[in-house]
Amino acid sequence: NLQNLPADPGLRPCVDSYNCKKYVRRTYLQRGPFQPKGHNFNFEKFGNQQRRFVSDWFKEFGSWLEYSIKEESAYCLFCYLFKEDNGDQASTRQKCERLMNQKQHIATFFGRQSEKTQSEYETRLNAVVDCIRFLLNQGLAFRGYDESDGSSNRGNFLELLHFLADHNEDINAVTFKNTPLNLQMMSPNIQKHIVSCVATETTNAIIREMDGTLFSILIDESRDISTKEQMVVVLRYVDKNGYMVERFVGIEHVSSTTAASLKESLDNMFSRFGLSLSMLRGQGYDGASNMQGEFNGLKTLILEENESAYYVHCFALQLALISMAKKHEKVNSLFNLVSMLVNVVGVSAKRRDILHEKHALAVIEALGKGELSSGQGLNQEITRHVDTRWSSHYGTLMSIISMFPSVVDVLEIIEVEGNSEQRLQAKTLLKLMQSFDFIFCLFLMKNILGYANELSRALQRKDQDILNAVKLVEVYKHNLQKLRDKITNLHRYRVELFYVVLDMQLQELNNRFNESNIELLICLACLCPNDLFAAFDKEKLLRLAEFYPKDFSAIDLIALEMQLDVYITDLRSSAEFSELKGIGELARTMVKTKKDKVYPLVYQLVTLALILPVPTATVERVFSAMNFVKNRL
């Protein structure tokens, strides 16, 4: 696969080891030399001086100079591709130029064709590319089950191209039966080649946009429909206009989900894109053990190479709390029983209508007694909880509690009127859900998830107030501890269930929000420009800079202290900065007013704060899209 050729010259095998040397050479020439501009180049001793590679040499010798991150050495692309035992760079350059300008080159091909033929080819190619771009943008499948001429539905790609031809005479004149069979550009292979080109150009545009800036990564792994393990990588960085950007750069197939395998795949991707691990300033993952292990996880492997690549746990908090609670047998039984209950009661429209009717009567009765205010509770429904949506668990439990009598009524009806299997299910559910164990666990998890509700919402907001979120963490811990201390139930429920579940929650919170993470987030929050920089604290911002020794030297820290004094006085007196909300707006306004040039060290802090990967929802959305790209069809 030419797309997977190693980019780092230190990882490349000899060109002669490939069977298709011509295509390998052309692929490397089309890519250009491997130039990791943002890499932290090592110093080496030459005589009495310490010297190192200078990234400006890439501009001076841009056509051939490349650098290996693995070997920390400079290389010549021309020499790698063509140099013989007694060759020189001049001869290898000529060979490269001849390869890229040979007779088969597309420019030479067009030069031999008539102007009409060229025009027809370009029209056909543009139509095909437009169809592919549309299908990619909409996440639609290309192929159809039956693509023969007599088929009523030949698949999205051919049907869309046919639609364009029907509505555009120029396209109709150069497609389908109006073009030679060997030049229709509609085969699956042609479609795949163009899609591959689109992916390459998009990725290259992202790397160019980064331009050697600091970045963080967001990673998750999952199995696709063919049960292959896939790793999604998203890059988070600040562009030249001050906007925080998250870009999906690829899905990597991994042989296993061990930390070592994931790290190897990540290194290969970085090498392919010309990215350097030394420029990494943050990592964000989900809660899987192979991703967050304290000693052998991917986090630790990256931190061993780069201590400034701070790890921030995914803030999808309630999912982790639910997952942790399900490790307890009784809590796991609760959610299994809830799933069964939703399936039995909501399996048919008839049963849902009966449930609504019963609940409406209960609401009307409660209104008549003054137990419920008007407008409340009439449109409730028991919804299925979804494993990847934390709020659905809490909503399901709340619905069962509020509609409990109506649910019991429906189950009693099923017990009488259903078939033998349905009657058995309803009888079992009635017995279990009216037991003390079920009620106790139901209200326990309702309280735990209820306390976490506001915290989870705060942590996942796009305009996060991190200082407020940190305070909410402490409030949530306090509420759980208070709940733990006041329990007065029987010993078995207090010790074997209540204490165990609450201690699981507290332990998970402490793991996610340890002292180091909390300090980093509190210092970061001092950059917030809300209310004329009310959260500004110079000492904490200096402490924030100390978290990044690669970006702030001892001299920089002294300069930063002076710069912060001038910065806060200037911006508090400036009208452009008087009504800003959030660090993102601060970065954009600093770039717009050129303050990023006036206060470069402060802007560096702002950039580091923005790229810290607090939420990781982007990678989850990629997995959702993956179901469109690869499904059972």
# chains A, B, ... in the order shown; residues from 1 in each chain; ligands from 1
$ select_by_dssp --residues "stretch 5-194 of chain A" --states "alpha helix (DSSP H)" --output "PyMOL selection string"
chain A and resi 21-31+57-60+77-82+89-100+106-112+115-138+156-167+169-172+188-194
$ closest_residue --among "A:Asp8, A:Glu561, A:Asp239, A:Glu474" --to "A:Cys76" --atoms "only C-alpha atoms"
A:Asp8
$ residues_around --residues "A:Ile354" --least-positions-apart "4" --cutoff "7 Å" --atoms "only C-alpha atoms" --output "list in words"
Lys350, Lys358 and Val410 of chain A
$ write_last_selection --atoms "N, CA and C atoms" --output "mmCIF file, in the first residue's frame"
data_model
loop_
_atom_site.group_PDB
_atom_site.id
_atom_site.type_symbol
_atom_site.label_atom_id
_atom_site.label_comp_id
_atom_site.auth_asym_id
_atom_site.auth_seq_id
_atom_site.Cartn_x
_atom_site.Cartn_y
_atom_site.Cartn_z
ATOM 1 N N LYS A 350 -49.390 -0.380 21.505
ATOM 2 C CA LYS A 350 -50.562 -0.598 22.352
ATOM 3 C C LYS A 350 -50.206 -0.464 23.824
ATOM 4 N N LYS A 358 -52.855 5.247 31.682
ATOM 5 C CA LYS A 358 -52.809 5.023 33.131
ATOM 6 C C LYS A 358 -52.130 6.195 33.837
ATOM 7 N N VAL A 410 -49.596 -1.647 34.023
ATOM 8 C CA VAL A 410 -49.395 -2.224 32.690
ATOM 9 C C VAL A 410 -48.876 -3.659 32.800
#
$ residues_around --residues "A:Ile251" --least-positions-apart "5" --cutoff "9 Å" --atoms "only C-alpha atoms" --output "MDAnalysis selection string"
chainID A and resid 230:233 622
$ closest_residue --among "A:Val312, A:Lys240, A:Thr203, A:Asn4" --to "A:His253" --atoms "only C-alpha atoms"
A:Asn4
$ atom_distance --atom1 "atom CA of A:Lys299" --atom2 "atom CA of A:Thr607"
21.5 Å
$ residues_around --residues "A:Arg236" --least-positions-apart "2" --cutoff "6 Å" --atoms "only C-alpha atoms" --output "VMD selection string"
chain A and resid 215 to 216 245 to 246 611
$ select_by_dssp --residues "stretch 52-260 of chain A" --states "strand (DSSP E or B)" --output "JSON list (two decimals) with C-alpha atoms, in the first residue's frame"
[["chain", "number", "residue", "atom", "x", "y", "z"],
["A", 65, "LEU", "CA", 16.60, 18.10, 2.60],
["A", 66, "GLU", "CA", 14.80, 15.92, 5.17],
["A", 67, "TYR", "CA", 15.28, 14.96, 8.80],
["A", 68, "SER", "CA", 14.75, 11.72, 10.71],
["A", 73, "SER", "CA", 19.96, 12.91, 11.47],
["A", 74, "ALA", "CA", 19.64, 14.81, 8.18],
["A", 75, "TYR", "CA", 19.06, 13.00, 4.86],
["A", 76, "CYS", "CA", 18.78, 13.75, 1.14],
["A", 215, "PHE", "CA", -0.87, 20.50, 19.54],
["A", 216, "SER", "CA", -2.60, 17.82, 21.60],
["A", 217, "ILE", "CA", -4.15, 14.49, 20.65],
["A", 218, "LEU", "CA", -7.51, 12.91, 21.38],
["A", 219, "ILE", "CA", -7.58, 9.15, 20.92],
["A", 220, "ASP", "CA", -10.12, 6.38, 21.27],
["A", 221, "GLU", "CA", -10.40, 2.85, 20.00],
["A", 222, "SER", "CA", -13.32, 0.69, 18.96],
["A", 223, "ARG", "CA", -14.23, -2.28, 16.78],
["A", 229, "GLU", "CA", -9.82, -2.84, 16.17],
["A", 230, "GLN", "CA", -9.62, 0.76, 14.95],
["A", 231, "MET", "CA", -7.88, 3.72, 16.60],
["A", 232, "VAL", "CA", -9.20, 7.22, 15.92],
["A", 233, "VAL", "CA", -6.77, 10.16, 16.17],
["A", 234, "VAL", "CA", -7.90, 13.79, 16.41],
["A", 235, "LEU", "CA", -5.46, 16.73, 16.57],
["A", 236, "ARG", "CA", -6.31, 19.82, 18.63],
["A", 237, "TYR", "CA", -4.43, 23.05, 18.01],
["A", 238, "VAL", "CA", -4.80, 26.83, 17.69],
["A", 244, "MET", "CA", -9.09, 26.40, 18.66],
["A", 245, "VAL", "CA", -9.46, 23.66, 16.03],
["A", 246, "GLU", "CA", -10.06, 19.93, 16.33],
["A", 247, "ARG", "CA", -9.26, 17.97, 13.17],
["A", 248, "PHE", "CA", -9.81, 14.28, 12.54],
["A", 249, "VAL", "CA", -6.70, 12.97, 10.77],
["A", 250, "GLY", "CA", -7.27, 9.26, 10.47],
["A", 251, "ILE", "CA", -8.45, 5.86, 11.59],
["A", 252, "GLU", "CA", -5.60, 3.41, 12.16],
["A", 253, "HIS", "CA", -6.12, -0.35, 12.24]]
